[in-house]
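File shown here: my_file36.pdb, holding PDB, C-alpha atoms.
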MODEL        1
ATOM      1  CA  ASP A  30     -13.237   6.450  -3.632
ATOM      2  CA  THR A  31     -10.868   9.376  -4.064
ATOM      3  CA  PRO A  32     -10.854  12.658  -5.935
ATOM      4  CA  TYR A  33      -7.137  12.195  -6.779
ATOM      5  CA  GLY A  34      -5.190   9.849  -8.985
ATOM      6  CA  LEU A  35      -6.211   7.914 -12.068
ATOM      7  CA  SER A  36      -8.149   4.685 -12.385
ATOM      8  CA  TRP A  37      -6.191   3.004 -15.221
ATOM      9  CA  ALA A  38      -4.571   0.531 -12.796
ATOM     10  CA  GLY A  39      -7.637   0.142 -10.579
ATOM     11  CA  TYR A  40      -8.176   1.182  -6.995
ATOM     12  CA  VAL A  41      -6.661  -0.461  -3.942
ATOM     13  CA  GLU A  42      -8.423  -0.091  -0.611
ATOM     14  CA  VAL A  43      -6.337   0.307   2.551
ATOM     15  CA  ARG A  44      -7.406  -3.104   3.878
ATOM     16  CA  GLN A  45      -6.509  -4.774   0.582
ATOM     17  CA  SER A  46      -3.012  -3.273   0.596
ATOM     18  CA  TYR A  47      -2.505  -4.189   4.264
ATOM     19  CA  ASP A  48      -3.540  -7.813   3.650
ATOM     20  CA  TRP A  49      -1.053  -8.191   0.776
ATOM     21  CA  ASP A  50       1.501 -10.981   1.228
ATOM     22  CA  PRO A  51       4.678 -10.081  -0.684
ATOM     23  CA  GLY A  52       6.163 -13.533   0.042
ATOM     24  CA  GLY A  53       3.264 -15.282  -1.671
ATOM     25  CA  TYR A  54       2.823 -12.981  -4.655
ATOM     26  CA  VAL A  55       4.793 -14.959  -7.250
ATOM     27  CA  LYS A  56       3.639 -18.559  -7.487
ATOM     28  CA  GLY A  57       6.476 -21.033  -7.165
ATOM     29  CA  ALA A  58       8.914 -18.491  -5.707
ATOM     30  CA  PRO A  59       9.827 -18.981  -2.055
ATOM     31  CA  GLY A  60       9.028 -16.111   0.306
ATOM     32  CA  GLU A  61      12.720 -15.885   1.202
ATOM     33  CA  ALA A  62      13.395 -14.783  -2.387
ATOM     34  CA  VAL A  63      11.635 -11.469  -1.733
ATOM     35  CA  LEU A  64      14.326  -8.907  -0.988
ATOM     36  CA  GLY A  65      12.010  -6.013  -0.199
ATOM     37  CA  VAL A  66       8.827  -4.161  -1.048
ATOM     38  CA  GLU A  67       8.070  -0.884  -2.737
ATOM     39  CA  ALA A  68       5.147   1.497  -2.594
ATOM     40  CA  PRO A  69       5.115   3.620  -5.761
ATOM     41  CA  LEU A  70       2.882   6.658  -5.844
ATOM     42  CA  TRP A  71       1.937   7.862  -9.303
ATOM     43  CA  SER A  72       1.855  11.607  -8.767
ATOM     44  CA  GLU A  73       1.071  13.012 -12.210
ATOM     45  CA  THR A  74      -2.346  14.201 -10.992
ATOM     46  CA  LEU A  75      -1.223  15.417  -7.557
ATOM     47  CA  ASP A  76      -0.487  19.119  -7.197
ATOM     48  CA  THR A  77       0.010  19.734  -3.481
ATOM     49  CA  SER A  78       1.705  18.026  -0.557
ATOM     50  CA  ASP A  79      -1.749  17.585   1.030
ATOM     51  CA  GLU A  80      -2.841  15.551  -2.003
ATOM     52  CA  VAL A  81       0.331  13.433  -1.829
ATOM     53  CA  GLU A  82      -0.247  12.776   1.878
ATOM     54  CA  PHE A  83      -3.878  11.851   1.192
ATOM     55  CA  MET A  84      -2.758   9.218  -1.313
ATOM     56  CA  ALA A  85       0.235   7.904   0.685
ATOM     57  CA  PHE A  86      -1.201   7.604   4.174
ATOM     58  CA  PRO A  87      -2.160   5.269   5.753
ATOM     59  CA  ARG A  88      -0.998   2.895   2.998
ATOM     60  CA  LEU A  89       2.724   3.712   3.253
ATOM     61  CA  PRO A  90       3.102   2.729   6.936
ATOM     62  CA  GLY A  91       1.151  -0.467   6.217
ATOM     63  CA  ILE A  92       3.471  -1.443   3.367
ATOM     64  CA  ALA A  93       6.468  -0.664   5.599
ATOM     65  CA  GLU A  94       5.054  -2.986   8.270
ATOM     66  CA  LEU A  95       4.587  -5.752   5.684
ATOM     67  CA  GLY A  96       8.182  -5.388   4.531
ATOM     68  CA  TRP A  97       9.884  -4.946   7.897
ATOM     69  CA  SER A  98       8.067  -7.088  10.411
ATOM     70  CA  PRO A  99       7.103 -10.767  10.630
ATOM     71  CA  ALA A 100       3.597 -11.689   9.476
ATOM     72  CA  SER A 101       2.837 -12.997  12.980
ATOM     73  CA  THR A 102       2.925  -9.399  14.278
ATOM     74  CA  HIS A 103       0.486  -8.004  11.682
ATOM     75  CA  GLY A 104      -3.073  -7.244  12.675
ATOM     76  CA  TRP A 105      -5.709  -5.202  10.874
ATOM     77  CA  ASP A 106      -7.471  -3.971  14.035
ATOM     78  CA  PRO A 107      -4.355  -2.535  15.756
ATOM     79  CA  TYR A 108      -3.160  -1.079  12.445
ATOM     80  CA  LYS A 109      -6.394   0.710  11.558
TER      81      LYS A 109
ENDMDL
END
The structure given in the file should be rewritten as C-alpha cells.
Amino acid sequence: DTPYGLSWAGYVEVRQSYDWDPGGYVKGAPGEAVLGVEAPLWSETLDTSDEVEFMAFPRLPGIAELGWSPASTHGWDPYK
C-alpha cells in the first residue's frame, strides 16, 4: 500500500520481490542463461527524491543481492 506510483502493472511487496528467482523465471531456459537483473522504477508520478527513495528502497538492495550473490546466501530474516 503506497501513496506513490500507479497500479496498472500491479503491486509487488518487498517479500515477493526478494523471493523472486531470476534463474527460474523463463520456463525451459537454464538459469545460467540469465546474464543479469534489472530493477526499473517508473517515475512518472514521483516528484521528489524522497518519493523515489520510498519506492526504491528496500527493494533495490534486495534485487542487487539476487543478481550478485548465490541463492544459498539469501535469507529473508537477515535481509529484512
Expanded to explicit residues, what is the PyMOL selection byres ((chain A and resi 53-70) around 10) for this file, as a compact mmCIF listing (two decimals) with C-alpha atoms, in the coordinates of the input?
# COMPACT_ATOMS: atom_id res chain seq x y z
CA GLY A 34 -5.19 9.85 -8.98
CA SER A 46 -3.01 -3.27 0.60
CA TRP A 49 -1.05 -8.19 0.78
CA ASP A 50 1.50 -10.98 1.23
CA PRO A 51 4.68 -10.08 -0.68
CA GLY A 52 6.16 -13.53 0.04
CA TRP A 71 1.94 7.86 -9.30
CA SER A 72 1.86 11.61 -8.77
CA GLU A 73 1.07 13.01 -12.21
CA LEU A 75 -1.22 15.42 -7.56
CA VAL A 81 0.33 13.43 -1.83
CA MET A 84 -2.76 9.22 -1.31
CA ALA A 85 0.24 7.90 0.68
CA ARG A 88 -1.00 2.90 3.00
CA LEU A 89 2.72 3.71 3.25
CA PRO A 90 3.10 2.73 6.94
CA GLY A 91 1.15 -0.47 6.22
CA ILE A 92 3.47 -1.44 3.37
CA ALA A 93 6.47 -0.66 5.60
CA LEU A 95 4.59 -5.75 5.68
CA GLY A 96 8.18 -5.39 4.53
CA TRP A 97 9.88 -4.95 7.90
Counting only C-alpha atoms, select every polymer residue within 12 Å of (0.2, -3.2, 14.2) as defined in the file's coordinates, and provide the selection as a count of residues only.
20
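Between atom CA of Asp48 of chain A and atom CA of Ser78 of chain A there is a distance of 26.7 Å.
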Can you measure atom CA of Thr31 of chain A to atom CA of Gln45 of chain A for me? One decimal in Å is fine.
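So the answer is 15.5 Å.
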What is the atom CA of Phe83 of chain A-atom CA of Arg44 of chain A distance in Å, reported with one decimal?
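Rounded to one decimal, the two atoms are 15.6 Å apart.
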